[in-house]
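Q: I am sharing structure_26.pdb, which consists of PDB, C-alpha atoms and all ligand atoms:
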ATOM      1  CA  MET A   1      37.100   2.776   1.480
ATOM      2  CA  SER A   2      38.369   1.649   4.886
ATOM      3  CA  GLU A   3      37.216  -1.683   6.311
ATOM      4  CA  ARG A   4      35.028   0.128   8.865
ATOM      5  CA  ALA A   5      33.422   2.323   6.209
ATOM      6  CA  ALA A   6      32.464  -0.767   4.218
ATOM      7  CA  GLU A   7      30.977  -2.612   7.207
ATOM      8  CA  PRO A   8      27.196  -3.008   6.821
ATOM      9  CA  LEU A   9      25.285  -1.106   9.526
ATOM     10  CA  ARG A  10      23.515  -4.320  10.409
ATOM     11  CA  ASP A  11      26.923  -5.700  11.481
ATOM     12  CA  VAL A  12      27.788  -2.515  13.419
ATOM     13  CA  ILE A  13      24.517  -2.906  15.309
ATOM     14  CA  ALA A  14      25.154  -6.603  15.977
ATOM     15  CA  ARG A  15      28.782  -6.016  17.022
ATOM     16  CA  HIS A  16      27.687  -3.437  19.617
ATOM     17  CA  GLY A  17      24.529  -5.284  20.709
ATOM     18  CA  LEU A  18      22.247  -2.374  19.782
ATOM     19  CA  GLN A  19      18.846  -4.021  19.750
ATOM     20  CA  ALA A  20      16.406  -1.207  19.055
ATOM     21  CA  ALA A  21      14.720   0.034  22.248
ATOM     22  CA  LYS A  22      11.068   0.920  21.798
ATOM     23  CA  SER A  23      11.149   3.266  24.801
ATOM     24  CA  LEU A  24      13.694   5.454  22.957
ATOM     25  CA  GLY A  25      11.753   5.409  19.702
ATOM     26  CA  GLN A  26      14.548   3.557  17.986
ATOM     27  CA  ASN A  27      13.902   2.681  14.374
ATOM     28  CA  PHE A  28      17.207   2.556  12.563
ATOM     29  CA  ILE A  29      17.829   3.198   8.873
ATOM     30  CA  LEU A  30      20.414   0.827   7.451
ATOM     31  CA  ASP A  31      20.308   1.614   3.731
ATOM     32  CA  ARG A  32      23.370   3.716   2.965
ATOM     33  CA  GLN A  33      21.936   5.050  -0.306
ATOM     34  CA  LEU A  34      18.855   6.316   1.463
ATOM     35  CA  LEU A  35      21.014   7.830   4.226
ATOM     36  CA  ALA A  36      23.143   9.601   1.597
ATOM     37  CA  ARG A  37      19.961  11.005  -0.007
ATOM     38  CA  ILE A  38      18.811  12.347   3.366
ATOM     39  CA  ALA A  39      22.252  13.845   4.046
ATOM     40  CA  ALA A  40      22.073  15.631   0.673
ATOM     41  CA  ILE A  41      18.815  17.448   1.535
ATOM     42  CA  PRO A  42      20.406  20.440   3.359
ATOM     43  CA  GLY A  43      22.584  21.138   0.270
ATOM     44  CA  ASP A  44      26.375  21.238  -0.002
ATOM     45  CA  LEU A  45      27.771  20.336   3.414
ATOM     46  CA  THR A  46      31.471  20.713   2.642
ATOM     47  CA  GLY A  47      32.952  22.220   5.816
ATOM     48  CA  ALA A  48      29.455  23.050   7.120
ATOM     49  CA  PRO A  49      28.469  22.700  10.783
ATOM     50  CA  VAL A  50      25.725  20.132  11.404
ATOM     51  CA  TYR A  51      23.872  19.426  14.639
ATOM     52  CA  GLU A  52      22.526  15.883  14.566
ATOM     53  CA  VAL A  53      20.062  14.736  17.183
ATOM     54  CA  GLY A  54      19.663  11.021  17.851
ATOM     55  CA  PRO A  55      22.507   9.508  15.786
ATOM     56  CA  GLY A  56      21.895   5.999  17.200
ATOM     57  CA  PRO A  57      24.386   3.573  15.614
ATOM     58  CA  GLY A  58      25.616   6.394  13.357
ATOM     59  CA  GLY A  59      24.312   5.578   9.875
ATOM     60  CA  LEU A  60      23.105   9.104   9.098
ATOM     61  CA  THR A  61      26.103  10.524  10.968
ATOM     62  CA  ARG A  62      28.483   8.739   8.608
ATOM     63  CA  ALA A  63      26.501   9.948   5.593
ATOM     64  CA  LEU A  64      26.763  13.548   6.874
ATOM     65  CA  LEU A  65      30.506  13.156   7.486
ATOM     66  CA  ASP A  66      30.975  11.673   4.015
ATOM     67  CA  ALA A  67      29.170  14.739   2.647
ATOM     68  CA  GLY A  68      31.931  16.854   4.247
ATOM     69  CA  ALA A  69      30.082  18.148   7.325
ATOM     70  CA  ASN A  70      31.528  18.925  10.766
ATOM     71  CA  VAL A  71      29.063  17.143  13.019
ATOM     72  CA  VAL A  72      28.066  17.601  16.638
ATOM     73  CA  ALA A  73      25.733  14.734  17.574
ATOM     74  CA  VAL A  74      23.595  14.339  20.708
ATOM     75  CA  GLU A  75      22.575  10.823  21.691
ATOM     76  CA  ARG A  76      20.698   9.768  24.775
ATOM     77  CA  ASP A  77      21.326   6.035  24.607
ATOM     78  CA  ARG A  78      24.730   5.218  26.147
ATOM     79  CA  ARG A  79      24.738   1.856  24.369
ATOM     80  CA  CYS A  80      25.306   3.721  21.086
ATOM     81  CA  LEU A  81      28.381   5.593  22.311
ATOM     82  CA  PRO A  82      31.030   2.934  21.465
ATOM     83  CA  ALA A  83      29.811   2.736  17.845
ATOM     84  CA  LEU A  84      29.835   6.542  17.653
ATOM     85  CA  ALA A  85      33.330   6.655  19.240
ATOM     86  CA  GLU A  86      34.582   4.518  16.343
ATOM     87  CA  LEU A  87      33.221   7.097  13.924
ATOM     88  CA  GLU A  88      34.802   9.878  15.987
ATOM     89  CA  SER A  89      38.250   8.323  15.572
ATOM     90  CA  GLU A  90      37.697   7.417  11.920
ATOM     91  CA  TYR A  91      36.679  11.006  11.065
ATOM     92  CA  SER A  92      39.156  12.637  13.420
ATOM     93  CA  GLY A  93      38.252  16.219  14.369
ATOM     94  CA  LYS A  94      35.056  16.172  12.270
ATOM     95  CA  LEU A  95      32.665  14.594  14.799
ATOM     96  CA  ARG A  96      31.927  15.394  18.435
ATOM     97  CA  VAL A  97      29.413  13.220  20.274
ATOM     98  CA  ILE A  98      27.547  14.497  23.310
ATOM     99  CA  GLU A  99      25.787  12.021  25.572
ATOM    100  CA  GLY A 100      22.516  13.472  26.790
ATOM    101  CA  ASP A 101      18.883  14.313  26.260
ATOM    102  CA  ALA A 102      18.493  16.764  23.384
ATOM    103  CA  LEU A 103      15.490  18.294  25.153
ATOM    104  CA  GLU A 104      17.815  19.402  27.945
ATOM    105  CA  ILE A 105      20.740  20.556  25.825
ATOM    106  CA  ASP A 106      21.083  24.034  24.352
ATOM    107  CA  GLY A 107      22.085  23.198  20.781
ATOM    108  CA  GLN A 108      23.059  26.760  20.004
ATOM    109  CA  SER A 109      25.895  26.704  22.528
ATOM    110  CA  GLU A 110      27.241  23.376  21.230
ATOM    111  CA  VAL A 111      27.592  24.076  17.546
ATOM    112  CA  ALA A 112      28.844  26.850  15.244
ATOM    113  CA  GLU A 113      26.422  29.583  14.177
ATOM    114  CA  GLY A 114      24.515  28.767  10.996
ATOM    115  CA  ALA A 115      24.449  25.014  11.615
ATOM    116  CA  HIS A 116      22.161  22.727   9.682
ATOM    117  CA  ILE A 117      20.079  20.603  12.014
ATOM    118  CA  VAL A 118      19.409  17.013  10.974
ATOM    119  CA  ALA A 119      17.438  14.493  13.002
ATOM    120  CA  ASN A 120      15.554  11.231  12.837
ATOM    121  CA  LEU A 121      13.823  11.216  16.212
ATOM    122  CA  PRO A 122      10.836   9.736  17.994
ATOM    123  CA  TYR A 123       8.022  12.003  16.897
ATOM    124  CA  ASN A 124       7.180  13.467  20.327
ATOM    125  CA  VAL A 125      10.796  14.524  20.895
ATOM    126  CA  GLY A 126      11.018  15.755  17.297
ATOM    127  CA  THR A 127       7.885  17.877  17.587
ATOM    128  CA  ALA A 128       8.979  19.415  20.909
ATOM    129  CA  LEU A 129      12.379  20.305  19.454
ATOM    130  CA  LEU A 130      10.819  21.610  16.244
ATOM    131  CA  LEU A 131       8.596  24.003  18.199
ATOM    132  CA  ARG A 132      11.598  25.163  20.208
ATOM    133  CA  TRP A 133      13.692  25.765  17.068
ATOM    134  CA  LEU A 134      10.825  27.548  15.301
ATOM    135  CA  GLY A 135      10.186  29.670  18.386
ATOM    136  CA  ASP A 136      13.714  31.116  18.501
ATOM    137  CA  GLU A 137      13.671  34.686  19.890
ATOM    138  CA  SER A 138      16.011  36.076  17.240
ATOM    139  CA  TRP A 139      15.322  35.716  13.528
ATOM    140  CA  PRO A 140      17.006  34.529  11.405
ATOM    141  CA  PRO A 141      17.676  31.899  14.074
ATOM    142  CA  TRP A 142      21.031  30.322  14.962
ATOM    143  CA  TRP A 143      20.326  27.378  12.652
ATOM    144  CA  ARG A 144      20.383  27.563   8.880
ATOM    145  CA  SER A 145      18.011  24.712   8.040
ATOM    146  CA  LEU A 146      16.129  21.812   9.581
ATOM    147  CA  THR A 147      16.006  18.371   7.946
ATOM    148  CA  LEU A 148      13.784  16.233  10.105
ATOM    149  CA  MET A 149      12.159  12.815   9.836
ATOM    150  CA  PHE A 150       8.589  12.617  11.116
ATOM    151  CA  GLN A 151       5.603  10.349  10.865
ATOM    152  CA  ARG A 152       3.964  11.284   7.548
ATOM    153  CA  GLU A 153       0.914  12.643   9.410
ATOM    154  CA  VAL A 154       3.059  15.061  11.450
ATOM    155  CA  ALA A 155       4.915  16.125   8.286
ATOM    156  CA  GLU A 156       1.544  16.907   6.698
ATOM    157  CA  ARG A 157       0.604  19.055   9.676
ATOM    158  CA  ILE A 158       3.806  21.051   9.269
ATOM    159  CA  VAL A 159       3.187  21.909   5.603
ATOM    160  CA  ALA A 160      -0.643  22.051   5.645
ATOM    161  CA  ALA A 161      -2.637  24.860   4.020
ATOM    162  CA  PRO A 162      -5.688  26.557   5.602
ATOM    163  CA  ASN A 163      -9.038  24.765   5.404
ATOM    164  CA  SER A 164      -7.366  21.381   5.316
ATOM    165  CA  GLU A 165      -7.653  18.589   7.826
ATOM    166  CA  HIS A 166      -4.042  18.882   8.998
ATOM    167  CA  TYR A 167      -3.807  22.679   9.261
ATOM    168  CA  GLY A 168      -3.138  23.895  12.787
ATOM    169  CA  ARG A 169      -0.725  25.464  15.219
ATOM    170  CA  LEU A 170       2.246  23.506  13.894
ATOM    171  CA  SER A 171       1.527  24.677  10.308
ATOM    172  CA  VAL A 172       1.427  28.350  11.291
ATOM    173  CA  ALA A 173       4.532  27.994  13.499
ATOM    174  CA  ALA A 174       6.415  26.397  10.592
ATOM    175  CA  GLN A 175       5.220  28.762   7.890
ATOM    176  CA  TRP A 176       5.005  32.303   9.238
ATOM    177  CA  ARG A 177       8.752  32.940   8.915
ATOM    178  CA  SER A 178      10.049  29.745   7.304
ATOM    179  CA  GLU A 179       9.542  27.722   4.180
ATOM    180  CA  ALA A 180       8.559  24.148   4.939
ATOM    181  CA  ARG A 181       8.255  21.290   2.467
ATOM    182  CA  ILE A 182       8.060  17.519   2.462
ATOM    183  CA  VAL A 183      11.080  16.309   0.549
ATOM    184  CA  MET A 184      10.575  12.558   0.571
ATOM    185  CA  ASN A 185       8.383   9.836   1.932
ATOM    186  CA  VAL A 186      10.139   6.959   3.617
ATOM    187  CA  HIS A 187       8.345   3.622   3.649
ATOM    188  CA  ARG A 188       8.147   1.742   6.949
ATOM    189  CA  SER A 189      10.228  -1.079   5.479
ATOM    190  CA  ALA A 190      13.267   1.251   5.361
ATOM    191  CA  PHE A 191      13.529   1.072   9.163
ATOM    192  CA  VAL A 192      14.648  -1.671  11.535
ATOM    193  CA  PRO A 193      12.332  -2.445  13.195
ATOM    194  CA  PRO A 194       9.635  -1.004  10.903
ATOM    195  CA  PRO A 195       7.381   1.549  12.606
ATOM    196  CA  LYS A 196       3.587   1.300  12.209
ATOM    197  CA  VAL A 197       3.252   4.173   9.735
ATOM    198  CA  THR A 198       4.958   5.828   6.771
ATOM    199  CA  SER A 199       7.516   8.536   7.562
ATOM    200  CA  ALA A 200       8.511  11.661   5.681
ATOM    201  CA  VAL A 201      11.476  14.019   5.711
ATOM    202  CA  VAL A 202      10.637  17.691   6.082
ATOM    203  CA  HIS A 203      12.998  20.513   5.140
ATOM    204  CA  ILE A 204      12.518  23.889   6.776
ATOM    205  CA  ALA A 205      14.491  27.038   5.990
ATOM    206  CA  PRO A 206      14.028  30.436   7.644
ATOM    207  CA  ILE A 207      12.828  33.377   5.531
ATOM    208  CA  ALA A 208      12.670  37.059   6.461
ATOM    209  CA  ALA A 209      10.294  37.499   9.398
ATOM    210  CA  PRO A 210       7.345  39.845   8.934
ATOM    211  CA  LYS A 211       7.983  43.060  10.860
ATOM    212  CA  GLY A 212       6.184  44.494  13.869
ATOM    213  CA  LEU A 213       5.171  41.387  15.808
ATOM    214  CA  SER A 214       6.593  39.257  18.547
ATOM    215  CA  GLY A 215       7.008  35.496  18.263
ATOM    216  CA  LYS A 216       5.624  35.092  21.771
ATOM    217  CA  VAL A 217       2.368  36.833  20.816
ATOM    218  CA  MET A 218       2.155  34.704  17.677
ATOM    219  CA  GLU A 219       2.372  31.602  19.868
ATOM    220  CA  GLN A 220      -0.310  32.927  22.218
ATOM    221  CA  VAL A 221      -2.684  33.724  19.360
ATOM    222  CA  THR A 222      -2.323  30.364  17.628
ATOM    223  CA  ALA A 223      -2.459  28.456  20.933
ATOM    224  CA  ALA A 224      -5.758  30.176  21.795
ATOM    225  CA  ALA A 225      -7.267  29.882  18.301
ATOM    226  CA  PHE A 226      -6.382  26.231  17.704
ATOM    227  CA  GLY A 227      -6.846  25.236  21.348
ATOM    228  CA  GLN A 228     -10.549  25.217  20.520
ATOM    229  CA  ARG A 229     -10.406  24.708  16.764
ATOM    230  CA  ARG A 230     -14.051  23.676  16.408
ATOM    231  CA  LYS A 231     -15.219  26.884  18.074
ATOM    232  CA  MET A 232     -15.732  30.269  16.458
ATOM    233  CA  LEU A 233     -12.912  32.777  16.928
ATOM    234  CA  ARG A 234     -15.107  35.004  19.062
ATOM    235  CA  GLN A 235     -15.196  32.151  21.568
ATOM    236  CA  SER A 236     -11.673  30.790  21.285
ATOM    237  CA  LEU A 237      -9.983  34.229  21.377
ATOM    238  CA  LYS A 238     -12.203  35.633  24.120
ATOM    239  CA  GLY A 239      -9.545  35.162  26.796
ATOM    240  CA  LEU A 240      -6.856  37.047  24.851
ATOM    241  CA  PRO A 241      -7.031  40.736  25.766
ATOM    242  CA  GLY A 242      -7.708  42.938  22.735
ATOM    243  CA  ALA A 243      -8.126  40.011  20.323
ATOM    244  CA  LEU A 244     -11.809  40.548  19.492
ATOM    245  CA  GLU A 245     -11.222  44.266  18.822
ATOM    246  CA  ALA A 246      -8.237  43.325  16.640
ATOM    247  CA  LEU A 247     -10.421  40.945  14.600
ATOM    248  CA  ASP A 248     -12.854  43.809  14.113
ATOM    249  CA  ARG A 249     -10.136  46.235  12.984
ATOM    250  CA  LEU A 250      -8.816  43.641  10.527
ATOM    251  CA  GLY A 251     -12.287  42.908   9.177
ATOM    252  CA  ILE A 252     -12.048  39.217  10.120
ATOM    253  CA  ASP A 253     -15.472  37.739  10.837
ATOM    254  CA  PRO A 254     -15.431  36.494  14.477
ATOM    255  CA  GLN A 255     -17.759  33.690  13.449
ATOM    256  CA  ARG A 256     -14.970  32.071  11.447
ATOM    257  CA  ARG A 257     -13.019  29.161  12.847
ATOM    258  CA  ALA A 258      -9.262  28.931  13.393
ATOM    259  CA  GLU A 259      -8.576  26.634  10.451
ATOM    260  CA  THR A 260     -10.044  29.126   7.926
ATOM    261  CA  LEU A 261      -7.493  31.859   8.673
ATOM    262  CA  GLY A 262      -4.364  31.927   6.539
ATOM    263  CA  VAL A 263      -0.853  32.382   7.891
ATOM    264  CA  ALA A 264      -0.973  36.064   6.816
ATOM    265  CA  ASP A 265      -4.161  36.539   8.901
ATOM    266  CA  TYR A 266      -2.366  35.190  11.972
ATOM    267  CA  VAL A 267       0.562  37.491  11.285
ATOM    268  CA  ALA A 268      -1.824  40.482  11.047
ATOM    269  CA  LEU A 269      -3.607  39.452  14.240
ATOM    270  CA  ALA A 270      -0.371  38.964  16.183
ATOM    271  CA  ARG A 271       0.884  42.318  14.885
ATOM    272  CA  GLU A 272      -2.239  44.055  16.186
ATOM    273  CA  LEU A 273      -1.636  42.477  19.608
ATOM    274  CA  SER A 274       2.136  42.973  19.794
TER     275      SER A 274
HETATM  276  N1  LIG A 301      19.758   8.436  13.392
HETATM  277  C1  LIG A 301      19.585   6.997  13.490
HETATM  278  C2  LIG A 301      19.024   6.476  12.196
HETATM  279  O1  LIG A 301      18.537   7.293  11.402
HETATM  280  O2  LIG A 301      19.050   5.253  11.985
HETATM  281  C3  LIG A 301      18.695   6.620  14.678
HETATM  282  C4  LIG A 301      17.288   7.092  14.609
HETATM  283  S1  LIG A 301      16.229   6.497  15.876
HETATM  284  C5  LIG A 301      14.664   6.781  15.120
HETATM  285  C6  LIG A 301      16.171   7.780  17.092
HETATM  286  C7  LIG A 301      17.444   7.984  17.898
HETATM  287  O3  LIG A 301      17.233   9.103  18.778
HETATM  288  C8  LIG A 301      17.804   6.822  18.782
HETATM  289  O4  LIG A 301      19.173   6.538  18.686
HETATM  290  C9  LIG A 301      17.455   7.292  20.200
HETATM  291  O5  LIG A 301      18.247   6.707  21.210
HETATM  292  C10 LIG A 301      17.703   8.782  20.078
HETATM  293  N2  LIG A 301      16.935   9.620  21.019
HETATM  294  C11 LIG A 301      15.664   9.439  21.436
HETATM  295  N3  LIG A 301      15.291  10.420  22.260
HETATM  296  C12 LIG A 301      16.357  11.265  22.360
HETATM  297  C13 LIG A 301      16.596  12.466  23.072
HETATM  298  N4  LIG A 301      15.651  13.001  23.852
HETATM  299  N5  LIG A 301      17.801  13.055  22.945
HETATM  300  C14 LIG A 301      18.772  12.513  22.160
HETATM  301  N6  LIG A 301      18.596  11.373  21.459
HETATM  302  C15 LIG A 301      17.412  10.752  21.563
END
Output the structure of this file as structure tokens.
A:
Amino acid sequence: MSERAAEPLRDVIARHGLQAAKSLGQNFILDRQLLARIAAIPGDLTGAPVYEVGPGPGGLTRALLDAGANVVAVERDRRCLPALAELESEYSGKLRVIEGDALEIDGQSEVAEGAHIVANLPYNVGTALLLRWLGDESWPPWWRSLTLMFQREVAERIVAAPNSEHYGRLSVAAQWRSEARIVMNVHRSAFVPPPKVTSAVVHIAPIAAPKGLSGKVMEQVTAAAFGQRRKMLRQSLKGLPGALEALDRLGIDPQRRAETLGVADYVALARELS
């Protein structure tokens, strides 16, 4: 192991003066064993393209590189760039760092087709990117899998089943043409500084999309239904042309509420309206 590879992340952070900035949602993971376990979640990464969002001081980045990945990493905080540049030279030709806001960058054009996406992000940025990745026009999408750290509560929303407290728009978006599961919980104490709540890593992989419906219509239907989740469908879907007739044709009681419909019901509804 080179001297740099053996250097504790705590020292890398100190050497580059990377005090965590709350405004950027910075909670760093320093435990290399934990980082290696996260990097193993997408599967064998030997020679595989990986798009990492929010590498920070580069702990997870190094774990991905050690797993054999070719990494493109997007980081918004310029202060992190010197630490990442060290990694770039250490793993010559295997890492490319882009300075910028991931919300404004088109990942698809930066990384090879079939890339695994890996990110430990502030949850609002993570959720916005997740919805963008799940809403890809073409399916299967340009990415092969998503391995994302979220607050445990957000992770539960992603994998939730109907009739449960957490079931909603995010659950349907993540499940109608993907498989989503919580792979591990990560205690607050694993982060520096520790966030207020427990986190969890979610793994999402695309599956064959049901035929005969458009993703856009799916988004419209779930936005309308869950926009007023306490209301009956006949009320919440009223503004969506043809939706009440579609419920009738499908034999779905308009007095039901959004959270009682399964993912397959939303697929059927979106298909009727596509
Ligand atoms: N990956 C590192 C780790 O696991 O220790 C850092 C994780 S920290 C929770 C989130 C990182 O995302 C920070 O480095 C932060 O600067 C970066 N970040 C926040 N918003 C971002 C955005 N919109 N685009 C790119 N990076 C962002």
Q: Please produce, as a Markdown table, a per-residue contact table for chain A versus ligand LIG 301 (chain A) (criterion: any atom at most 6 Å away, all atoms listed in the file considered), showing the nearest atom pair and its distance in Å to one decimal, sorted by chain then residue number.
A:
| residue | atom | partner | partner_atom | distance |
| --- | --- | --- | --- | --- |
| A:Leu24 | CA | A:LIG301 | C11 | 4.7 |
| A:Gly25 | CA | A:LIG301 | C5 | 5.6 |
| A:Gln26 | CA | A:LIG301 | S1 | 4.0 |
| A:Asn27 | CA | A:LIG301 | C5 | 4.2 |
| A:Phe28 | CA | A:LIG301 | O2 | 3.3 |
| A:Ile29 | CA | A:LIG301 | O2 | 3.9 |
| A:Val53 | CA | A:LIG301 | C14 | 5.6 |
| A:Gly54 | CA | A:LIG301 | O3 | 3.2 |
| A:Pro55 | CA | A:LIG301 | N1 | 3.8 |
| A:Gly56 | CA | A:LIG301 | O4 | 3.1 |
| A:Gly59 | CA | A:LIG301 | O2 | 5.7 |
| A:Leu60 | CA | A:LIG301 | O1 | 5.4 |
| A:Val74 | CA | A:LIG301 | C14 | 5.4 |
| A:Glu75 | CA | A:LIG301 | N6 | 4.0 |
| A:Arg76 | CA | A:LIG301 | N6 | 4.2 |
| A:Asp77 | CA | A:LIG301 | O5 | 4.6 |
| A:Asp101 | CA | A:LIG301 | N5 | 3.7 |
| A:Ala102 | CA | A:LIG301 | N5 | 3.8 |
| A:Leu103 | CA | A:LIG301 | N4 | 5.5 |
| A:Asn120 | CA | A:LIG301 | C4 | 4.8 |
| A:Leu121 | CA | A:LIG301 | C6 | 4.3 |
| A:Pro122 | CA | A:LIG301 | C5 | 5.6 |
| A:Val125 | CA | A:LIG301 | N4 | 5.9 |
Q: With all atoms listed in the file as the atoms that count, which of A:Glu137, A:Glu272, A:Arg144, A:Ser236 lies nearest to Gly212 of chain A?
A: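 So, comparing all the options, the nearest one is A:Glu272.
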Q: Could you expand the PyMOL selection byres (((chain A and resi 203) around 8) and not hetatm) into the explicit residues it covers here, written as a PDB file with C-alpha atoms, in the coordinates of the input?
A:
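out-v1.pdb, freshly written:
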ATOM      1  CA  ILE A  41      18.815  17.448   1.535  1.00  0.00           C
ATOM      2  CA  PRO A  42      20.406  20.440   3.359  1.00  0.00           C
ATOM      3  CA  SER A 145      18.011  24.712   8.040  1.00  0.00           C
ATOM      4  CA  LEU A 146      16.129  21.812   9.581  1.00  0.00           C
ATOM      5  CA  THR A 147      16.006  18.371   7.946  1.00  0.00           C
ATOM      6  CA  LEU A 148      13.784  16.233  10.105  1.00  0.00           C
ATOM      7  CA  ALA A 180       8.559  24.148   4.939  1.00  0.00           C
ATOM      8  CA  ARG A 181       8.255  21.290   2.467  1.00  0.00           C
ATOM      9  CA  ILE A 182       8.060  17.519   2.462  1.00  0.00           C
ATOM     10  CA  VAL A 183      11.080  16.309   0.549  1.00  0.00           C
ATOM     11  CA  VAL A 201      11.476  14.019   5.711  1.00  0.00           C
ATOM     12  CA  VAL A 202      10.637  17.691   6.082  1.00  0.00           C
ATOM     13  CA  ILE A 204      12.518  23.889   6.776  1.00  0.00           C
ATOM     14  CA  ALA A 205      14.491  27.038   5.990  1.00  0.00           C
TER      15      ALA A 205
END
Q: With 3 Å added on each side, what axis-aligned box encloses every listed atom of segment 109-121 of chain A? Give the centre and edge lengths in Å to one decimal, as AutoDock Vina command-line options.
A:
--center_x 21.3 --center_y 20.4 --center_z 16.1 --size_x 21.0 --size_y 24.4 --size_z 18.8
Q: Using only C-alpha atoms, which residues sit within 12 Å of Asp11 of chain A once same-chain residues fewer than 6 positions away are excluded, as a list of chain:residue names?
A: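 The filter keeps A:Arg4, A:Ala5, A:Gly17, A:Leu18, A:Gln19, A:Leu30, A:Pro57, A:Gly59, A:Ala83.
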Q: Between A:Asp136, A:Asp253, A:Asp66, A:Glu90, single out the one closest to Ser178 of chain A, counting all atoms listed in the file.
A: A:Asp136
